[in-house]
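Asker: Below is one structure. I have some questions about it.
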Amino acid sequence: MMDQIYIYIYWGIPIVSLILSFGIFVILALSKKDKTIATFMLMVASMTMWSFSTLMMKMNITPGTLFWQRTMVAALMLIPYTGYIFFTVFIHMKRYTSLFFWGFLEVLMQVVNILGYTTISAQMVAVPYSPFIELQYTLGLGAYVSYVLIFALLLMCLFLAQKEYRKSRYMGGLKNIMIALFIIFIGIGANLAPVIGKWPLDFFAGSIASVFIMYAIYRNRVLELKFVITKAVIFTMLLTAITIGSIFAVNALISVFETLNTGLDNNLFILIVTFVSLLVFQPLFKVIYSLVDNLFYKEEKGREERISSFTHQIANNLVLSKISESLMGAVADVSGNPRNYLFLKDAESVNYSFYASSRKLESVSFEISPTHPFVLWFNQYDELINGKALDTNAFFKTMWDQDRRALNGILFETALPLKSNGKLIGILLMCHKDTHSIRDIPHTDQINMICMTASIAIANAILFEKAREEATIDALTNTYNHRYFMDQLIEVTSKSKTNNVSLALTGIDMFNVYNDLYGHYAGDTALTKLASKVKQIVGDNGIVCRYVGDIFAVILPNTDTKKAYDLMERIRVVIEQTSVSAPDESARSLTVSCGLCTYPTQANDDKLLLKNAGLALIEAKRGGRNKTVLYNSTISEDTKEGIALDENQLATVYALTATIDAKDHITFGHSQRVAKYATAIAEATGAKPSEIEIIRLASLLHDIGKIGVPENVLTKTSRLTTEEYETMKKHVDLSITIIKYLPSFSKVIPSVIGHHERWDGKGYPRKIAGEAIPFGARCIALADAFDAITSDRQYKINMDTEYAINEIKRNSGTQFDPELTEIFVELIASGKLIVEPTRTNIYTIDSFLERPVN
């Protein structure tokens with residue numbers, strides 16, 4: 001009885017160990033492989049080879065006992081090293097130097113074994129007075145060294161396992177891995193005692209350890225391994241049924257053949273029947289395999305097709321929003337979970353901000369900071385984070401309560417990393433459907449594959465967006481550049497067939513002089529500050545671009561002329577009161593001139609809109625700078641030539657007009673507005689460009705003589721006395737006195753000296769009447785009176801345009817040229833000449849910034 005038990009143990013344990021190891025290997029081979037499965041398969045393969053070589057050795061199969069004994073030793077030495085590899089992968093530990101070191105020692109041990117220094121001799125001999133045989137062998141020095149290294153490696157694995165177990169209890173199966181390592185350690189160690197070593201306890205220990213490790217993996221991959229095992233069982237049952245059925249069929253055919261007595265040799269008939277059954281069995285096997293495969297992998301193939309479709313969708317896509325939409329759709333379809341959130345790294349804040357959701361209208365409000373435990377984990381590991389880890393893993397104990405509440409609020413379950421070139425660019429959070437849903441989200445391996453594929457596409461899209469932004473953003477001012485401006489102007493005007501689109505060109509006044517005085521570095525600082533102010537005021541109402549050099553363009557969609565003018569005036573005043581110098585320097589300010597045109601009322605396409613805005617800007621520069629000019633038909637391209645030809649003379653004019661504006665700030669801008677109205681009248685009559693230019697210059701200089709008028713008279717708020725009025729009238733003669741010392745402007749004298757003459761001859765200083773009054777003087781007289789009525793003065797408030805027009809009409813033929821009066825009234829009534837509001841009120845920067853755009 002004892003002999004029979006010994007035989008069962010002697011042969012049964014190695015055979016069972018071989019069957020168990022091979023079975024585990026097959027199950028793992030049928031499952032979806034990752035690093036954990038692949039490394040465990042190496043360990044199981046070593047154990048399978050160990051069991052197989054032992055059986056071959058005991059049966060003394062060719063090429064002999066010594067060969068199979070050395071093969072067994074080679075497999076035995078591989079088990080601890082492959083176990084160490086599996087263990088480091090299982091606990092996410094990166095020990096590349098250690099793996100290389102032990103790998104080097106493993107190679108040395110295998111070489112020593114091959115050379116015969118571990119086992120000198122080995123043979124199976126009969127036990128005296130017993131039916132049994134046993135192995136007799138002689139060990140070399142290499143065997144003892146190999147055993148020491150094997151035990152050292154196993155002890156190190158046990159030490160690391162215990163250390164990791166203390167700080168990472170959440171890792172399902174780690175305790176089982178520790179038990180398995182300890183069992184292997186005891187099993188191999190038992191061989192050192194001859195009394196115990198003769199029993200196959202090492203195989204028994206190896207089989208038990210395999211079961212524990214398999215259970216550890218099973219705990220982490222319950223759904224998949226259940227699926228694989230069920231498939232294997234059903235397939236085996238069907239295959240067995242077919243095999244048994246085939247055997248019965250063959251036996252039945254043989255029985256029938258024997259009763260027929262055909263004279264054919266039985267052996268030949270059996271061979272023919274066997275061959276035919278094989279021909280029938282092979283396609284039947286394929287059909288059964290296909291049916292089982294379709295039964296179990298129908299959904300799996302559907303998920304694989306969805307992943308393939310997702311890969312094709314993003315393969316040539318560089319639009320981040322479309323890639324993220326495809327990603328969230330694929331994750332929802334593969335996982336069957338509709339609540340997934342994508343967080344992408346913000347380049348400026350470096351936080352991970354919410355970007356997309358599987359449900360289009362669903363979003364979350366929190367961000368993930370760079371110090372968040374999720375980010376720290378993914379920077380170290382590539383493995384996902386389960387919801388259980390928040391409560392069990394010491395790594396996440398440092399999570400702030402507010403971050404924990406945010407995750408609990410969205411019913412968080414799993415987090416997966418999106419990495420590109422080893423850098424974390426995004427995080428995918430998967431959440432429960434509701435509070436009653438299962439905690440384990442399935443198919444995380446496939447979702448992880450989707451994330452890896454998406455990471456590459458997202459990284460490329462981000463790089464593309466950055467490159468495109470750099471191609472459209474001006475590096476100095478952080479506004480859009482000229483190229484982007486031209487594209488947007490075409491796009492906005494083409495889409496706004498009926499809606500207004502206003503374009504403002506804003507040029508910095510005398511910027512070349514500022515650069516020459518303070519240097520280009522200071523000029524760059526000024527450009528940056530002014531661009532920032534313009535962007536701040538415009539906000540979402542328009543697009544700010546750097547058109548060229550010191551000129552900014554502001555595209556204002558769905559904005560009429562009045563709203564655009566108010567906005568540009570706010571910008572002009574704010575810039576005028578803004579210091580553009582460095583913080584450690586004395587305050588310096590600049591002014592800007594703005595040219596404004598509106599589509600489609602003043603231009604019928606983008607080219608004409610840009611051209612007219614440019615002409616309005618030139619007019620603003622010529623008209624004294626620091627002002628906003630609305631484009632109208634009276635502004636022509638001739639103005640561009642005039643300013644180019646007479647830059648030095650114009651600088652003198654601006655200096656003189658600035659002098660009178662400084663002395664009488666109530667009438668600030670009066671000369672520029674008079675110039676605009678007077679030149680509009682002259683152009684409407686068909687006057688030559690050269691004559692219009694003279695009228696414009698005369699308008700700017702017509703009140704220059706007020707420099708010599710006493711300030712108490714000039715700024716008096718009540719009615720002037722007769723004596724004071726006579727003093728005021730002398731400003732005309734004083735203007736001529738000043739102008740005559742400027743030979744280049746001698747042609748403006750007739751218009752300046754006659755602008756207070758009346759059509760009926762009751763004016764001053766020469767009391768001439770009718771057409772004896774110079775043409776330019778008559779135009780200026782109309783413009784001067786109109787602006788005086790519509791502007792604030794010391795002694796009156798401004799009147800509206802309708803009142804002013806009525807006054808002009810009432811005095812037509814007495815004070816004003818009746819023909820020119822009719823032309824002037826028509827220009828205003830038709831909208832060809834836009835009346836500029838007075839600019840005597842002074843606003844603070846804060847008031848302009850706070851005032852909304854109407």
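Just so we're on the same page: first chain in the structure tokens is A, next is B, and so on; residues restart at 1 for each chain, and ligands are numbered from 1 in the order they show up.
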Show which residues sit within 9 Å of Thr493 (chain A), as a list in words. Count only C-alpha atoms, and ignore same-chain residues fewer than 3 positions away.
Answerer: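 Close residues of Thr493 (chain A): Gln488, Leu489, Ile490, Ser496, Lys497, Asn499, Asn500, Val501, Pro557, Tyr599, Pro600, Asp605 and Asp606 of chain A.
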Asker: Create the file for the chosen residues now, containing N, CA and C atoms and written as a JSON list (two decimals), in the first residue's frame.
Answerer:
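Result went into out39.json, see below:
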```json
[["chain", "number", "residue", "atom", "x", "y", "z"],
["A", 488, "GLN", "N", -8.81, 87.63, -41.91],
["A", 488, "GLN", "CA", -10.02, 87.88, -41.14],
["A", 488, "GLN", "C", -10.87, 88.98, -41.77],
["A", 489, "LEU", "N", -10.23, 89.99, -42.33],
["A", 489, "LEU", "CA", -10.98, 91.08, -42.97],
["A", 489, "LEU", "C", -11.79, 90.54, -44.14],
["A", 490, "ILE", "N", -11.16, 89.67, -44.93],
["A", 490, "ILE", "CA", -11.87, 89.07, -46.07],
["A", 490, "ILE", "C", -13.02, 88.19, -45.57],
["A", 496, "SER", "N", -20.64, 89.09, -43.79],
["A", 496, "SER", "CA", -21.55, 90.16, -43.34],
["A", 496, "SER", "C", -22.05, 90.94, -44.54],
["A", 497, "LYS", "N", -22.93, 90.29, -45.30],
["A", 497, "LYS", "CA", -23.45, 90.95, -46.50],
["A", 497, "LYS", "C", -24.33, 92.15, -46.16],
["A", 499, "ASN", "N", -24.92, 93.06, -42.48],
["A", 499, "ASN", "CA", -24.51, 93.62, -41.19],
["A", 499, "ASN", "C", -23.30, 94.53, -41.35],
["A", 500, "ASN", "N", -23.22, 95.51, -40.46],
["A", 500, "ASN", "CA", -22.11, 96.46, -40.51],
["A", 500, "ASN", "C", -20.81, 95.81, -40.02],
["A", 501, "VAL", "N", -19.73, 96.18, -40.65],
["A", 501, "VAL", "CA", -18.38, 95.82, -40.19],
["A", 501, "VAL", "C", -17.54, 97.10, -40.24],
["A", 557, "PRO", "N", -16.83, 93.54, -36.06],
["A", 557, "PRO", "CA", -18.02, 92.97, -36.72],
["A", 557, "PRO", "C", -19.30, 93.46, -36.03],
["A", 599, "TYR", "N", -18.26, 99.13, -43.41],
["A", 599, "TYR", "CA", -18.80, 98.33, -44.51],
["A", 599, "TYR", "C", -20.25, 97.96, -44.17],
["A", 600, "PRO", "N", -21.20, 98.01, -45.07],
["A", 600, "PRO", "CA", -21.09, 98.29, -46.51],
["A", 600, "PRO", "C", -21.48, 99.72, -46.88],
["A", 605, "ASP", "N", -16.48, 96.44, -50.40],
["A", 605, "ASP", "CA", -15.71, 95.21, -50.25],
["A", 605, "ASP", "C", -14.55, 95.45, -49.29],
["A", 606, "ASP", "N", -13.83, 94.38, -48.99],
["A", 606, "ASP", "CA", -12.76, 94.47, -47.99],
["A", 606, "ASP", "C", -11.61, 95.37, -48.45]]
```
Asker: Compile the contact shell of region 691-697 of chain A as a PyMOL selection string: residues with an atom at most 6 Å away, counting only C-alpha atoms, same-chain residues fewer than 2 positions apart removed.
Answerer: chain A and resi 675+679+688-689+699-700+748+776
Asker: List as a list in words the protein and nucleic acid residues near Leu327 (chain A), meaning an atom at most 8 Å away when only C-alpha atoms are counted, but skip any in the same chain fewer than 4 places from it.
Answerer: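 So the residues in contact are Phe310, Ile323, Val331, Ile450, Cys451 and Ala454 of chain A.
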Asker: If you count only C-alpha atoms, which residues fall within 12 Å of Gln69 (chain A), apart from same-chain ones fewer than 5 positions away, as a VMD selection string?
Answerer: chain A and resid 49 to 64 74 to 76 113 to 114 116 118 to 124 135 to 139
Asker: Okay, now the selection with N, CA and C atoms, as an mmCIF file, in the first residue's frame?
Answerer:
```
data_model
loop_
_atom_site.group_PDB
_atom_site.id
_atom_site.type_symbol
_atom_site.label_atom_id
_atom_site.label_comp_id
_atom_site.auth_asym_id
_atom_site.auth_seq_id
_atom_site.Cartn_x
_atom_site.Cartn_y
_atom_site.Cartn_z
ATOM 1 N N MET A 49 8.876 23.930 -18.280
ATOM 2 C CA MET A 49 10.105 23.266 -18.705
ATOM 3 C C MET A 49 10.738 22.479 -17.562
ATOM 4 N N TRP A 50 10.653 23.021 -16.356
ATOM 5 C CA TRP A 50 11.179 22.347 -15.165
ATOM 6 C C TRP A 50 10.463 20.999 -14.947
ATOM 7 N N SER A 51 9.122 21.024 -15.001
ATOM 8 C CA SER A 51 8.343 19.794 -14.792
ATOM 9 C C SER A 51 8.592 18.794 -15.921
ATOM 10 N N PHE A 52 8.613 19.296 -17.152
ATOM 11 C CA PHE A 52 8.793 18.410 -18.312
ATOM 12 C C PHE A 52 10.159 17.732 -18.279
ATOM 13 N N SER A 53 11.212 18.490 -18.011
ATOM 14 C CA SER A 53 12.560 17.909 -18.006
ATOM 15 C C SER A 53 12.716 16.905 -16.865
ATOM 16 N N THR A 54 12.026 17.150 -15.742
ATOM 17 C CA THR A 54 12.093 16.198 -14.623
ATOM 18 C C THR A 54 11.479 14.859 -15.012
ATOM 19 N N LEU A 55 10.322 14.885 -15.677
ATOM 20 C CA LEU A 55 9.680 13.645 -16.118
ATOM 21 C C LEU A 55 10.551 12.905 -17.133
ATOM 22 N N MET A 56 11.129 13.672 -18.063
ATOM 23 C CA MET A 56 12.017 13.039 -19.056
ATOM 24 C C MET A 56 13.227 12.403 -18.380
ATOM 25 N N MET A 57 13.735 13.075 -17.333
ATOM 26 C CA MET A 57 14.885 12.555 -16.605
ATOM 27 C C MET A 57 14.518 11.261 -15.885
ATOM 28 N N LYS A 58 13.354 11.243 -15.219
ATOM 29 C CA LYS A 58 12.952 10.056 -14.465
ATOM 30 C C LYS A 58 12.685 8.868 -15.377
ATOM 31 N N MET A 59 12.206 9.164 -16.593
ATOM 32 C CA MET A 59 11.936 8.079 -17.534
ATOM 33 C C MET A 59 13.169 7.711 -18.350
ATOM 34 N N ASN A 60 14.266 8.437 -18.076
ATOM 35 C CA ASN A 60 15.551 8.168 -18.745
ATOM 36 C C ASN A 60 15.407 8.197 -20.272
ATOM 37 N N ILE A 61 14.703 9.206 -20.749
ATOM 38 C CA ILE A 61 14.476 9.376 -22.184
ATOM 39 C C ILE A 61 15.756 9.892 -22.836
ATOM 40 N N THR A 62 16.030 9.455 -24.046
ATOM 41 C CA THR A 62 17.180 9.923 -24.816
ATOM 42 C C THR A 62 17.107 11.461 -24.950
ATOM 43 N N PRO A 63 18.216 12.174 -24.783
ATOM 44 C CA PRO A 63 19.618 11.727 -24.802
ATOM 45 C C PRO A 63 20.183 11.319 -23.454
ATOM 46 N N GLY A 64 19.371 11.142 -22.429
ATOM 47 C CA GLY A 64 19.897 10.588 -21.206
ATOM 48 C C GLY A 64 19.609 11.411 -19.972
ATOM 49 N N ALA A 74 18.744 24.243 -15.451
ATOM 50 C CA ALA A 74 18.637 25.498 -16.210
ATOM 51 C C ALA A 74 17.266 26.144 -16.005
ATOM 52 N N ALA A 75 16.208 25.327 -16.068
ATOM 53 C CA ALA A 75 14.848 25.852 -15.844
ATOM 54 C C ALA A 75 14.683 26.336 -14.412
ATOM 55 N N LEU A 76 15.276 25.567 -13.464
ATOM 56 C CA LEU A 76 15.186 25.948 -12.057
ATOM 57 C C LEU A 76 15.848 27.302 -11.805
ATOM 58 N N ASN A 113 26.356 26.047 -16.178
ATOM 59 C CA ASN A 113 25.572 24.804 -16.242
ATOM 60 C C ASN A 113 25.813 24.059 -17.540
ATOM 61 N N ILE A 114 25.859 24.800 -18.655
ATOM 62 C CA ILE A 114 26.091 24.164 -19.952
ATOM 63 C C ILE A 114 27.469 23.505 -20.003
ATOM 64 N N GLY A 116 28.919 22.123 -17.612
ATOM 65 C CA GLY A 116 28.926 20.948 -16.760
ATOM 66 C C GLY A 116 29.483 21.152 -15.374
ATOM 67 N N THR A 118 27.820 22.505 -12.835
ATOM 68 C CA THR A 118 26.795 22.396 -11.794
ATOM 69 C C THR A 118 26.495 20.936 -11.463
ATOM 70 N N THR A 119 26.349 20.105 -12.473
ATOM 71 C CA THR A 119 26.124 18.663 -12.275
ATOM 72 C C THR A 119 27.223 17.897 -13.011
ATOM 73 N N ILE A 120 28.027 17.167 -12.228
ATOM 74 C CA ILE A 120 29.145 16.440 -12.827
ATOM 75 C C ILE A 120 28.653 15.145 -13.462
ATOM 76 N N SER A 121 27.765 14.445 -12.729
ATOM 77 C CA SER A 121 27.214 13.185 -13.233
ATOM 78 C C SER A 121 25.808 12.993 -12.685
ATOM 79 N N ALA A 122 24.993 12.196 -13.395
ATOM 80 C CA ALA A 122 23.621 11.918 -12.953
ATOM 81 C C ALA A 122 23.131 10.646 -13.625
ATOM 82 N N GLN A 123 22.432 9.791 -12.848
ATOM 83 C CA GLN A 123 21.861 8.574 -13.413
ATOM 84 C C GLN A 123 20.730 8.078 -12.536
ATOM 85 N N MET A 124 19.793 7.364 -13.150
ATOM 86 C CA MET A 124 18.675 6.771 -12.437
ATOM 87 C C MET A 124 19.066 5.333 -12.104
ATOM 88 N N LEU A 135 17.298 9.069 -8.365
ATOM 89 C CA LEU A 135 18.354 9.796 -9.044
ATOM 90 C C LEU A 135 19.586 9.863 -8.157
ATOM 91 N N GLN A 136 20.723 9.492 -8.732
ATOM 92 C CA GLN A 136 22.001 9.668 -8.059
ATOM 93 C C GLN A 136 22.835 10.639 -8.887
ATOM 94 N N TYR A 137 23.383 11.678 -8.244
ATOM 95 C CA TYR A 137 24.093 12.723 -8.984
ATOM 96 C C TYR A 137 25.247 13.263 -8.155
ATOM 97 N N THR A 138 26.155 13.906 -8.854
ATOM 98 C CA THR A 138 27.304 14.556 -8.224
ATOM 99 C C THR A 138 27.295 16.030 -8.619
ATOM 100 N N LEU A 139 27.234 16.893 -7.600
ATOM 101 C CA LEU A 139 27.162 18.331 -7.866
ATOM 102 C C LEU A 139 28.556 18.941 -7.944
#
```
Asker: Using DSSP secondary structure from the backbone, list all alpha helix (DSSP H) positions within region 500-541 of chain A, as JSON, numbers by chain.
Answerer: {"A": [511, 512, 513, 514, 515, 516, 517, 518, 520, 521, 522, 523, 524, 525, 526, 527, 528, 529, 530, 531, 532, 533, 534, 535, 536, 537, 538]}
Asker: Quote the spacing between CA of Phe378 (chain A) and CA of Leu424 (chain A) in Å to one decimal place.
Answerer: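 Pair CA of Phe378 (chain A) / CA of Leu424 (chain A) returns 7.1 Å.
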